[in-house]
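Visitor: Supplied structure: work.txt, compact mmCIF, C-alpha atoms.
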# COMPACT_ATOMS: atom_id res chain seq x y z
CA MET A 1 0.00 0.00 0.00
CA ASN A 2 1.58 3.33 -1.07
CA ASP A 3 1.43 6.55 0.95
CA PHE A 4 -1.45 7.99 -1.07
CA THR A 5 -3.56 4.86 -0.53
CA LYS A 6 -2.78 4.92 3.20
CA ASN A 7 -3.77 8.57 3.45
CA ILE A 8 -7.03 7.94 1.58
CA ALA A 9 -7.87 5.06 3.91
CA GLN A 10 -7.21 7.23 6.97
CA ALA A 11 -9.33 10.10 5.61
CA LEU A 12 -12.15 7.90 4.31
CA PHE A 13 -14.70 8.89 6.93
CA ASP A 14 -13.93 12.62 6.98
CA GLN A 15 -15.02 14.53 3.85
CA ASP A 16 -12.92 17.59 4.73
CA LYS A 17 -9.78 15.46 5.06
CA ILE A 18 -10.47 13.72 1.76
CA ASN A 19 -10.95 17.05 -0.03
CA ASP A 20 -7.75 18.42 1.52
CA LEU A 21 -5.81 15.32 0.49
CA LEU A 22 -7.13 15.40 -3.06
CA ARG A 23 -6.47 19.15 -3.29
CA LYS A 24 -2.81 18.62 -2.31
CA GLN A 25 -2.43 15.72 -4.73
CA LEU A 26 -4.00 17.77 -7.53
CA GLN A 27 -1.70 20.71 -6.78
CA GLN A 28 1.37 18.47 -6.88
CA ALA A 29 0.21 16.81 -10.10
CA VAL A 30 -0.37 20.15 -11.86
CA ASN A 31 3.02 21.47 -10.76
CA ASP A 32 4.72 18.28 -11.94
CA LEU A 33 2.98 18.54 -15.32
CA LEU A 34 4.06 22.16 -15.72
CA GLU A 35 7.66 21.29 -14.92
CA ALA A 36 7.51 18.34 -17.34
CA GLU A 37 6.23 20.67 -20.06
CA LEU A 38 9.19 23.01 -19.64
CA THR A 39 11.61 20.07 -19.62
CA ALA A 40 10.15 18.82 -22.89
CA PHE A 41 10.35 22.34 -24.36
CA LEU A 42 14.00 22.88 -23.36
CA GLY A 43 15.07 19.33 -24.12
CA TYR A 44 16.99 18.62 -20.91
CA ASP A 45 16.30 17.89 -17.22
CA PRO A 46 16.99 20.44 -14.45
CA TYR A 47 20.72 20.83 -13.69
CA ALA A 48 21.64 18.45 -16.52
CA ARG A 49 24.95 19.11 -18.32
CA ASP A 50 23.07 18.80 -21.63
CA GLY A 51 21.59 22.23 -21.01
CA TRP A 52 24.87 24.08 -20.89
CA ASN A 53 25.37 26.59 -23.70
CA THR A 54 22.04 25.75 -25.36
CA GLY A 55 21.01 29.40 -25.53
CA ASN A 56 18.00 29.01 -23.22
CA SER A 57 17.49 27.91 -19.63
CA ARG A 58 15.04 27.84 -16.72
CA ASN A 59 14.26 31.22 -15.19
CA GLY A 60 12.27 30.65 -11.99
CA ALA A 61 8.47 30.63 -11.87
CA TYR A 62 5.44 32.76 -11.17
CA PHE A 63 2.55 31.70 -8.98
CA ARG A 64 -1.14 31.33 -9.79
CA LYS A 65 -4.10 30.38 -7.65
CA VAL A 66 -6.75 28.22 -9.27
CA ASP A 67 -10.10 27.22 -7.76
CA THR A 68 -11.04 23.56 -8.13
CA GLN A 69 -13.84 21.31 -6.86
CA PHE A 70 -11.51 20.33 -3.98
CA GLY A 71 -10.54 23.86 -2.99
CA GLN A 72 -7.99 26.43 -4.09
CA ILE A 73 -4.59 25.24 -5.29
CA GLU A 74 -1.40 27.25 -5.84
CA VAL A 75 0.56 26.38 -8.93
CA GLN A 76 4.07 27.37 -9.97
CA VAL A 77 4.23 28.18 -13.66
CA PRO A 78 7.86 27.82 -14.76
CA ARG A 79 9.52 30.31 -17.11
CA ASP A 80 12.40 30.15 -19.55
CA ARG A 81 15.02 32.89 -19.89
CA ASN A 82 14.10 33.70 -23.51
CA GLY A 83 10.37 33.98 -22.76
CA GLN A 84 9.44 31.48 -25.47
CA PHE A 85 7.82 28.80 -23.29
CA HIS A 86 4.01 28.65 -23.25
CA GLN A 87 2.39 26.05 -21.01
CA HIS A 88 -0.75 24.13 -22.04
CA THR A 89 -1.70 22.46 -18.76
CA LEU A 90 -3.75 25.44 -17.54
CA PRO A 91 -5.98 27.71 -19.67
CA ASP A 92 -4.68 31.27 -19.86
CA TYR A 93 -6.00 33.83 -17.40
CA LYS A 94 -8.52 31.48 -15.79
CA GLN A 95 -8.83 31.53 -12.03
CA HIS A 96 -11.20 28.59 -11.81
CA ALA A 97 -11.38 25.03 -13.07
CA ASP A 98 -13.53 24.01 -16.05
CA VAL A 99 -15.60 21.79 -13.79
CA LEU A 100 -16.65 24.92 -11.89
CA GLU A 101 -17.49 26.77 -15.08
CA ASN A 102 -19.56 23.87 -16.32
CA MET A 103 -21.44 23.75 -13.03
CA ILE A 104 -22.16 27.49 -13.17
CA ILE A 105 -23.49 27.22 -16.72
CA LYS A 106 -25.61 24.20 -15.77
CA LEU A 107 -27.06 25.99 -12.73
CA TYR A 108 -27.79 29.04 -14.87
CA SER A 109 -29.61 26.88 -17.41
CA LYS A 110 -31.70 25.37 -14.59
CA GLY A 111 -33.04 28.80 -13.71
CA VAL A 112 -30.85 29.53 -10.66
CA THR A 113 -30.10 33.26 -10.48
CA THR A 114 -26.55 34.61 -10.70
CA ARG A 115 -26.69 35.84 -7.12
CA GLU A 116 -27.87 32.44 -5.87
CA ILE A 117 -25.09 30.73 -7.86
CA ALA A 118 -22.48 33.08 -6.35
CA ASP A 119 -23.70 32.28 -2.82
CA LEU A 120 -23.74 28.55 -3.55
CA ILE A 121 -20.20 28.55 -4.99
CA GLU A 122 -18.89 30.40 -1.93
CA LYS A 123 -20.48 27.88 0.44
CA MET A 124 -19.29 24.86 -1.53
CA TYR A 125 -15.77 25.93 -2.47
CA GLY A 126 -14.89 28.70 -0.03
CA CYS A 127 -14.18 31.19 -2.81
CA HIS A 128 -16.22 34.23 -3.72
CA TYR A 129 -17.63 34.91 -7.18
CA SER A 130 -19.66 38.06 -7.66
CA PRO A 131 -22.94 37.89 -9.62
CA ALA A 132 -21.15 39.83 -12.38
CA GLN A 133 -18.42 37.17 -12.58
CA ILE A 134 -21.03 34.42 -12.70
CA SER A 135 -22.80 36.31 -15.47
CA ASN A 136 -19.54 36.63 -17.40
CA ILE A 137 -18.92 32.88 -17.13
CA SER A 138 -22.44 32.12 -18.41
CA LYS A 139 -21.75 34.48 -21.35
CA GLN A 140 -19.32 31.87 -22.65
CA MET A 141 -22.43 30.22 -24.08
CA ILE A 142 -23.22 33.22 -26.31
CA PRO A 143 -21.00 32.11 -29.26
CA LYS A 144 -22.50 28.61 -29.05
CA VAL A 145 -26.03 30.02 -29.13
CA GLU A 146 -25.13 32.24 -32.09
CA ALA A 147 -23.72 29.20 -33.89
CA TYR A 148 -26.94 27.31 -33.08
CA HIS A 149 -28.98 30.04 -34.82
CA ARG A 150 -26.71 29.90 -37.89
CA ARG A 151 -26.27 26.14 -38.21
CA LYS A 152 -27.34 24.38 -41.39
CA LEU A 153 -30.62 22.53 -40.93
CA SER A 154 -31.66 19.09 -42.07
CA ASP A 155 -33.31 19.32 -45.47
CA ARG A 156 -36.40 17.30 -44.50
CA PHE A 157 -38.74 17.17 -41.51
CA PHE A 158 -41.86 15.06 -41.52
CA CYS A 159 -43.74 17.35 -39.14
CA VAL A 160 -42.97 20.72 -37.57
CA TYR A 161 -44.75 22.13 -34.52
CA LEU A 162 -45.06 25.92 -34.25
CA ASP A 163 -46.00 27.65 -31.02
CA ALA A 164 -45.18 30.75 -28.99
CA THR A 165 -44.76 31.10 -25.25
CA TYR A 166 -44.16 34.21 -23.15
CA LEU A 167 -41.37 35.15 -20.74
CA PRO A 168 -40.63 38.38 -18.84
CA LEU A 169 -38.04 40.67 -20.44
CA ARG A 170 -36.85 44.15 -19.53
CA ARG A 171 -36.10 46.60 -22.30
CA GLU A 172 -36.93 50.17 -21.29
CA THR A 173 -39.71 48.66 -19.18
CA PHE A 174 -40.67 45.18 -18.03
CA GLU A 175 -43.04 43.19 -20.30
CA ARG A 176 -43.76 39.58 -21.17
CA GLU A 177 -42.50 38.90 -24.70
CA ALA A 178 -43.18 36.13 -27.19
CA ILE A 179 -40.73 33.28 -27.77
CA TYR A 180 -41.44 31.81 -31.21
CA ILE A 181 -40.44 28.14 -31.28
CA ALA A 182 -40.24 25.56 -34.06
CA LEU A 183 -39.80 21.91 -33.04
CA GLY A 184 -39.77 19.13 -35.59
CA ILE A 185 -39.64 15.37 -36.10
CA LYS A 186 -37.58 14.00 -38.98
CA PRO A 187 -38.74 11.08 -41.15
CA ASN A 188 -36.45 8.80 -39.11
CA GLY A 189 -38.30 9.79 -35.91
CA TYR A 190 -35.60 12.01 -34.38
CA LYS A 191 -36.93 15.22 -32.85
CA GLU A 192 -35.19 18.56 -32.62
CA VAL A 193 -35.78 22.16 -31.60
CA ILE A 194 -35.19 23.67 -35.03
CA ASP A 195 -34.98 27.31 -33.98
CA TYR A 196 -36.59 30.08 -31.96
CA CYS A 197 -36.74 33.87 -31.93
CA ILE A 198 -37.87 36.65 -29.60
CA ALA A 199 -40.33 39.46 -30.34
CA PRO A 200 -42.58 41.73 -28.24
CA SER A 201 -45.76 39.95 -29.37
CA GLU A 202 -46.94 37.11 -31.60
CA ASN A 203 -47.78 38.09 -35.15
CA ILE A 204 -47.69 36.46 -38.56
CA GLU A 205 -44.93 38.76 -39.88
CA VAL A 206 -42.41 37.34 -37.40
CA TRP A 207 -43.57 33.78 -38.09
CA THR A 208 -43.13 34.39 -41.84
CA GLN A 209 -39.61 35.70 -41.33
CA MET A 210 -38.73 32.71 -39.15
CA LEU A 211 -40.09 30.23 -41.73
CA GLN A 212 -38.13 31.91 -44.51
CA ASN A 213 -34.98 31.80 -42.38
CA MET A 214 -35.46 28.07 -41.77
CA LYS A 215 -35.79 27.47 -45.50
CA ALA A 216 -32.73 29.60 -46.29
CA ARG A 217 -30.70 27.47 -43.88
CA GLY A 218 -31.53 24.25 -45.68
CA LEU A 219 -34.95 23.03 -44.51
CA ASN A 220 -36.46 22.51 -47.95
CA GLN A 221 -39.26 20.00 -47.36
CA VAL A 222 -41.88 19.65 -44.63
CA GLU A 223 -44.77 17.26 -45.01
CA PHE A 224 -46.92 18.48 -42.16
CA PHE A 225 -47.20 21.59 -39.95
CA LEU A 226 -49.11 21.88 -36.66
CA SER A 227 -50.03 25.17 -35.06
CA ASP A 228 -52.69 26.96 -33.07
CA GLY A 229 -55.08 29.47 -34.58
CA VAL A 230 -52.78 32.47 -35.10
CA VAL A 231 -54.30 34.56 -37.90
CA GLY A 232 -52.60 34.10 -41.27
CA MET A 233 -50.50 31.06 -40.36
CA LYS A 234 -51.93 28.75 -43.01
CA GLU A 235 -51.34 31.36 -45.72
CA ALA A 236 -47.77 32.02 -44.53
CA LEU A 237 -47.01 28.30 -44.63
CA ALA A 238 -48.47 28.01 -48.12
CA ARG A 239 -46.15 30.77 -49.37
CA THR A 240 -43.00 29.29 -47.83
CA TYR A 241 -43.76 25.56 -48.05
CA PRO A 242 -46.51 25.22 -50.68
CA LYS A 243 -46.48 21.40 -50.65
CA ALA A 244 -46.86 21.07 -46.87
CA HIS A 245 -50.16 20.16 -45.19
CA PHE A 246 -51.55 22.06 -42.23
CA GLN A 247 -53.21 20.72 -39.07
CA ARG A 248 -54.92 22.98 -36.54
CA CYS A 249 -54.08 21.90 -32.99
CA MET A 250 -57.17 20.07 -31.69
CA VAL A 251 -56.34 20.92 -28.07
CA HIS A 252 -56.21 24.66 -28.84
CA VAL A 253 -59.51 24.39 -30.69
CA MET A 254 -61.09 22.67 -27.69
CA ARG A 255 -59.77 25.38 -25.35
CA ASN A 256 -61.19 28.09 -27.59
CA ILE A 257 -64.59 26.38 -27.59
CA CYS A 258 -64.58 26.06 -23.79
CA ALA A 259 -63.81 29.77 -23.45
CA LYS A 260 -66.99 30.61 -25.38
CA VAL A 261 -69.51 28.34 -23.66
CA ARG A 262 -71.09 28.23 -20.22
CA VAL A 263 -69.11 26.66 -17.41
CA ASP A 264 -71.86 24.12 -16.75
CA ASP A 265 -71.63 22.88 -20.36
CA ARG A 266 -67.86 22.60 -20.62
CA GLU A 267 -67.42 19.06 -19.32
CA ALA A 268 -70.06 17.64 -21.67
CA ILE A 269 -68.66 19.59 -24.62
CA MET A 270 -65.10 18.43 -23.92
CA ASP A 271 -66.14 14.78 -23.65
CA LYS A 272 -67.98 15.01 -26.96
CA PHE A 273 -65.18 16.86 -28.76
CA LYS A 274 -62.47 14.43 -27.59
CA ARG A 275 -64.23 11.62 -29.44
CA ILE A 276 -63.33 13.34 -32.72
CA HIS A 277 -59.62 12.55 -32.45
CA GLN A 278 -60.18 9.12 -30.91
CA GLN A 279 -61.75 7.46 -33.95
CA ALA A 280 -60.26 4.59 -35.95
CA ASN A 281 -60.31 6.47 -39.27
CA LYS A 282 -61.16 9.77 -40.92
CA GLU A 283 -64.69 8.70 -41.82
CA GLY A 284 -65.49 7.97 -38.18
CA ALA A 285 -63.92 11.28 -37.12
CA THR A 286 -65.97 13.20 -39.67
CA ALA A 287 -69.14 11.53 -38.40
CA ALA A 288 -68.20 12.40 -34.79
CA LEU A 289 -67.55 16.03 -35.78
CA HIS A 290 -70.90 16.37 -37.53
CA GLU A 291 -72.59 14.76 -34.55
CA PHE A 292 -70.93 17.46 -32.40
CA TYR A 293 -72.39 20.12 -34.71
CA GLY A 294 -75.88 18.66 -34.36
CA LYS A 295 -75.65 18.38 -30.57
CA TRP A 296 -74.51 21.97 -29.85
CA ASN A 297 -75.60 24.07 -32.83
CA LYS A 298 -78.84 25.20 -31.21
CA ALA A 299 -77.19 26.42 -27.99
CA TYR A 300 -73.96 27.77 -29.52
CA SER A 301 -74.57 28.46 -33.20
CA ARG A 302 -71.73 30.99 -33.49
CA VAL A 303 -69.21 28.54 -32.01
CA ILE A 304 -70.33 25.84 -34.44
CA GLN A 305 -70.16 28.29 -37.33
CA GLU A 306 -66.55 29.15 -36.46
CA LEU A 307 -65.73 25.45 -36.16
CA LYS A 308 -67.18 24.69 -39.60
CA ALA A 309 -64.99 27.44 -41.09
CA ILE A 310 -61.81 25.57 -40.08
CA GLU A 311 -63.11 22.01 -40.59
CA SER A 312 -60.67 21.35 -43.44
CA ASP A 313 -57.76 21.84 -41.00
CA LEU A 314 -59.08 19.68 -38.16
CA LEU A 315 -58.80 16.11 -39.45
CA VAL A 316 -55.67 16.25 -41.63
CA PHE A 317 -53.75 14.03 -39.19
CA TYR A 318 -56.08 11.13 -40.10
CA ASN A 319 -54.39 11.03 -43.52
CA TYR A 320 -51.34 9.49 -41.84
CA LEU A 321 -50.62 6.16 -40.20
CA LYS A 322 -52.36 5.42 -36.91
CA GLN A 323 -49.03 4.69 -35.16
CA ILE A 324 -48.16 8.41 -35.17
CA ARG A 325 -51.58 10.08 -34.92
CA ALA A 326 -51.36 10.49 -31.15
CA SER A 327 -48.35 12.76 -31.73
CA ILE A 328 -49.70 14.85 -34.59
CA TYR A 329 -53.23 15.94 -33.70
CA SER A 330 -52.02 18.62 -31.25
CA THR A 331 -48.99 20.73 -30.35
CA ASN A 332 -48.63 18.98 -26.98
CA MET A 333 -45.04 18.03 -27.77
CA ILE A 334 -43.87 21.61 -28.20
CA GLU A 335 -45.94 22.74 -25.22
CA SER A 336 -44.02 20.22 -23.14
CA PHE A 337 -40.80 21.98 -24.17
CA ASN A 338 -42.41 25.35 -23.39
CA ASN A 339 -43.22 24.12 -19.89
CA ILE A 340 -39.58 23.18 -19.32
CA ILE A 341 -38.55 26.72 -20.28
CA LYS A 342 -41.14 28.36 -18.04
CA ARG A 343 -40.30 26.16 -15.07
CA LYS A 344 -36.58 26.90 -15.31
CA ALA A 345 -37.14 30.60 -15.98
CA LYS A 346 -39.47 31.08 -13.01
CA PRO A 347 -36.75 31.79 -10.39
CA LYS A 348 -35.27 34.54 -12.56
CA VAL A 349 -38.38 36.79 -12.27
CA GLU A 350 -37.28 38.69 -15.38
CA PHE A 351 -34.44 38.76 -17.91
CA PRO A 352 -32.43 42.01 -17.90
CA THR A 353 -31.59 41.96 -21.64
CA GLU A 354 -32.70 40.26 -24.82
CA GLN A 355 -29.22 38.69 -25.03
CA SER A 356 -29.62 37.04 -21.62
CA LEU A 357 -33.04 35.66 -22.60
CA ASP A 358 -31.72 34.45 -25.96
CA THR A 359 -28.80 32.69 -24.23
CA PHE A 360 -31.10 31.08 -21.68
CA ILE A 361 -33.48 29.73 -24.35
CA GLY A 362 -30.53 28.61 -26.47
CA ILE A 363 -29.13 26.55 -23.61
CA GLN A 364 -32.52 24.85 -23.19
CA ALA A 365 -32.85 24.16 -26.92
CA MET A 366 -29.34 22.69 -27.24
CA SER A 367 -29.83 20.64 -24.08
CA TYR A 368 -33.13 19.27 -25.45
CA ASN A 369 -31.50 18.38 -28.78
CA SER A 370 -28.61 16.69 -27.01
CA ARG A 371 -30.94 14.71 -24.76
CA TYR A 372 -33.03 13.39 -27.66
CA PHE A 373 -30.22 13.00 -30.19
CA ASN A 374 -30.70 9.73 -32.09
CA ARG A 375 -33.77 8.80 -29.98
CA ILE A 376 -36.77 7.83 -32.09
CA HIS A 377 -40.07 9.35 -31.00
CA LYS A 378 -42.82 6.94 -29.99
CA GLY A 379 -44.53 5.32 -32.97
CA PHE A 380 -42.25 6.77 -35.64
CA GLY A 381 -39.78 3.90 -35.66
CA GLN A 382 -42.50 1.49 -36.79
CA VAL A 383 -43.36 3.51 -39.90
CA GLN A 384 -40.02 5.05 -40.85
CA ASP A 385 -39.96 3.61 -44.38
CA THR A 386 -43.45 4.91 -45.08
CA LEU A 387 -42.60 8.41 -43.80
CA GLU A 388 -39.51 8.53 -46.03
CA SER A 389 -41.75 7.82 -49.03
CA TYR A 390 -43.53 11.18 -48.60
CA PHE A 391 -40.40 12.98 -49.82
CA ASP A 392 -38.84 13.30 -53.26
Spit out the file's structure as structure tokens when you get a sec.
Guide:
Amino acid sequence: MNDFTKNIAQALFDQDKINDLLRKQLQQAVNDLLEAELTAFLGYDPYARDGWNTGNSRNGAYFRKVDTQFGQIEVQVPRDRNGQFHQHTLPDYKQHADVLENMIIKLYSKGVTTREIADLIEKMYGCHYSPAQISNISKQMIPKVEAYHRRKLSDRFFCVYLDATYLPLRRETFEREAIYIALGIKPNGYKEVIDYCIAPSENIEVWTQMLQNMKARGLNQVEFFLSDGVVGMKEALARTYPKAHFQRCMVHVMRNICAKVRVDDREAIMDKFKRIHQQANKEGATAALHEFYGKWNKAYSRVIQELKAIESDLLVFYNYLKQIRASIYSTNMIESFNNIIKRKAKPKVEFPTEQSLDTFIGIQAMSYNSRYFNRIHKGFGQVQDTLESYFD
């Protein structure tokens, strides 16, 4: 048993002693690596005769303090007399370990405020980071988010969900602003947050610009779009993706109906309306829809009239295989992503700048895409060959 193993065994039941031991070992290891780097650069060991008259030699060291998960370590960075040596063991100018940075970014993405992160870091590691320093560390994600917005997109998605959610943002004043989100499923069943953008309110002009941007970045073919009832959406989709089909979210339609009927009637209306998307085929769904008209037309003729006006957009999902219908009659999938964003954003109260909000959403989108990378969405794996056949 070597000395290190003996020390670990003795410190096993005392967390502080273990951290102190590991901190010392880490400090020694870093210093040894730095010295080994200089030896490799100069080509001879300390005090070796080989180094005489080589034109360069060791020239002392300067000291740096670096925060790690085991506490602060002091490292000696060796120098050469000619000033040509550049070490690679430690990143330049950093006063903290990457593990700490990664934890800060992860906490930020979970909705923990910069002040709360600073307090937590001080308690855990005994070193102080101001909220401004924490914010600066989280800003390291900005280039990655910008690259996410510019990345080339897959050329084909079977279905794309479009929806907007709202988060608090301060410009001159504090307001809730719209986050436009596009989430899609590829023909192979892989899902992905395609992109998002921020605007003061939801309108078709911003949606049109976002759709055109998606197409310019390589998304050439979409078989099927799902969205709520934002005015002009179907027309905007027809201009950008003329071959795509459009499905109105059945859940949004049901919510709109419930908002326009008496409270006492809502339960009965919801039960009746749900039967429409629970049928075995389109013929049965059409019969259920017309039965709904007959049942409620007398009491709510205006509601039924509005429903008839969008009937062509209600049952489009029945044109596709039953294995995937549960996923394509509503925008529930994208609303699930929206709920993740809202839950993690709740502790922040408000975002001080559009950049901070953009970075926060970008972290969530990239995390979502990483989590579901190469994971086939339920039902899509069974019909992959058929879905591929919809494309040229």
Visitor: Measuring atom to atom with all atoms listed in the file, identify which of A:Val193, A:Ala285, A:Val303, A:Val222 is nearest to His245 (chain A).
Guide: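 Closest residue, counting all atoms listed in the file: A:Val222.
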Visitor: With all atoms listed in the file as the counted atoms, please give the residues lying no more than 12 Å from Gln84 (chain A), apart from itself and same-chain residues fewer than 5 positions off, as a ChimeraX atom specification.
Guide: /A:38,41-42,55-59,78-79
Visitor: Can you pull out every residue within 9 Å of region 333-350 of chain A, counting all atoms listed in the file, but drop anything in the same chain fewer than 5 positions away, and send it as a ChimeraX atom specification?
Guide: /A:109-114,161-170,174-176,181-184,193,327-328,357,360-361,364-365,368
Visitor: Write out as an mmCIF file with C-alpha atoms, in the coordinates of the input each polymer residue whose atoms come within 10 Å of Ile257 (chain A), counting only C-alpha atoms; drop sequence neighbours fewer than 6 positions from it.
Guide:
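Result saved to around_25.cif:
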data_model
loop_
_atom_site.group_PDB
_atom_site.id
_atom_site.type_symbol
_atom_site.label_atom_id
_atom_site.label_comp_id
_atom_site.auth_asym_id
_atom_site.auth_seq_id
_atom_site.Cartn_x
_atom_site.Cartn_y
_atom_site.Cartn_z
ATOM 1 C CA VAL A 251 -56.340 20.920 -28.070
ATOM 2 C CA ARG A 266 -67.860 22.600 -20.620
ATOM 3 C CA ILE A 269 -68.660 19.590 -24.620
ATOM 4 C CA MET A 270 -65.100 18.430 -23.920
ATOM 5 C CA PHE A 273 -65.180 16.860 -28.760
ATOM 6 C CA TYR A 300 -73.960 27.770 -29.520
ATOM 7 C CA VAL A 303 -69.210 28.540 -32.010
ATOM 8 C CA ILE A 304 -70.330 25.840 -34.440
ATOM 9 C CA GLU A 306 -66.550 29.150 -36.460
ATOM 10 C CA LEU A 307 -65.730 25.450 -36.160
#
Visitor: Looking at A:Leu321, A:Val145, A:Ile310, A:Met214, which one is nearest to Cys249 (chain A), with distances taken over all atoms listed in the file?
Guide: A:Ile310
Visitor: From the list A:Arg23, A:Lys65, A:Lys272, A:Arg375, which residue is nearest Ile185 (chain A) when using only C-alpha atoms?
Guide: A:Arg375
Visitor: A:His252, A:Gln247, A:Ala299, A:Ala61: which is nearest Asp265 (chain A), counting only C-alpha atoms?
Guide: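 Checking each of A:His252, A:Gln247, A:Ala299, A:Ala61 against Asp265 (chain A), counting only C-alpha atoms, the winner is A:Ala299.
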Visitor: Just how far from CA of Cys159 (chain A) is CA of Gln355 (chain A), in Å to one decimal?
Guide: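 That distance, rounded to one decimal, is 29.4 Å.
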Visitor: For CA of Ala199 (chain A) and CA of Thr353 (chain A), determine how far apart the two atoms are, in Å to one decimal place.
Guide: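 One can read the CA of Ala199 (chain A) to CA of Thr353 (chain A) distance as 12.6 Å.
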Visitor: A:Asp20, A:Ala178, A:Asn319, A:Glu172: which is nearest Glu283 (chain A), counting only C-alpha atoms?
Guide: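 Once distances to Glu283 (chain A) are computed over only C-alpha atoms, the minimum belongs to A:Asn319.
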Visitor: When you draw a straight line from CA of Leu211 (chain A) to CA of Ile179 (chain A), how long is it in Å?
Guide: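 Computing it gives 14.3 Å between the two atoms.
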Visitor: Give as a PyMOL selection string each residue that has an atom at most 10 Å from (-42.6, 5.8, -31.1) in the file, counting all atoms listed in the file.
Guide: chain A and resi 189-190+323-324+326-327+375-383
Visitor: Quick one: everything within 12 Å of Pro143 (chain A), counting all atoms listed in the file, minus sequence neighbours fewer than 6 positions away in the same chain. Send it as a PyMOL selection string.
Guide: chain A and resi 149-151+355+358-359+362-363
Visitor: So, with only C-alpha atoms as the atoms that count, which of A:Gly43, A:Gln25, A:Arg371, A:Met366 lies closest to Ala147 (chain A)?
Guide: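 Ranked by minimum distance to Ala147 (chain A), first place goes to A:Met366.
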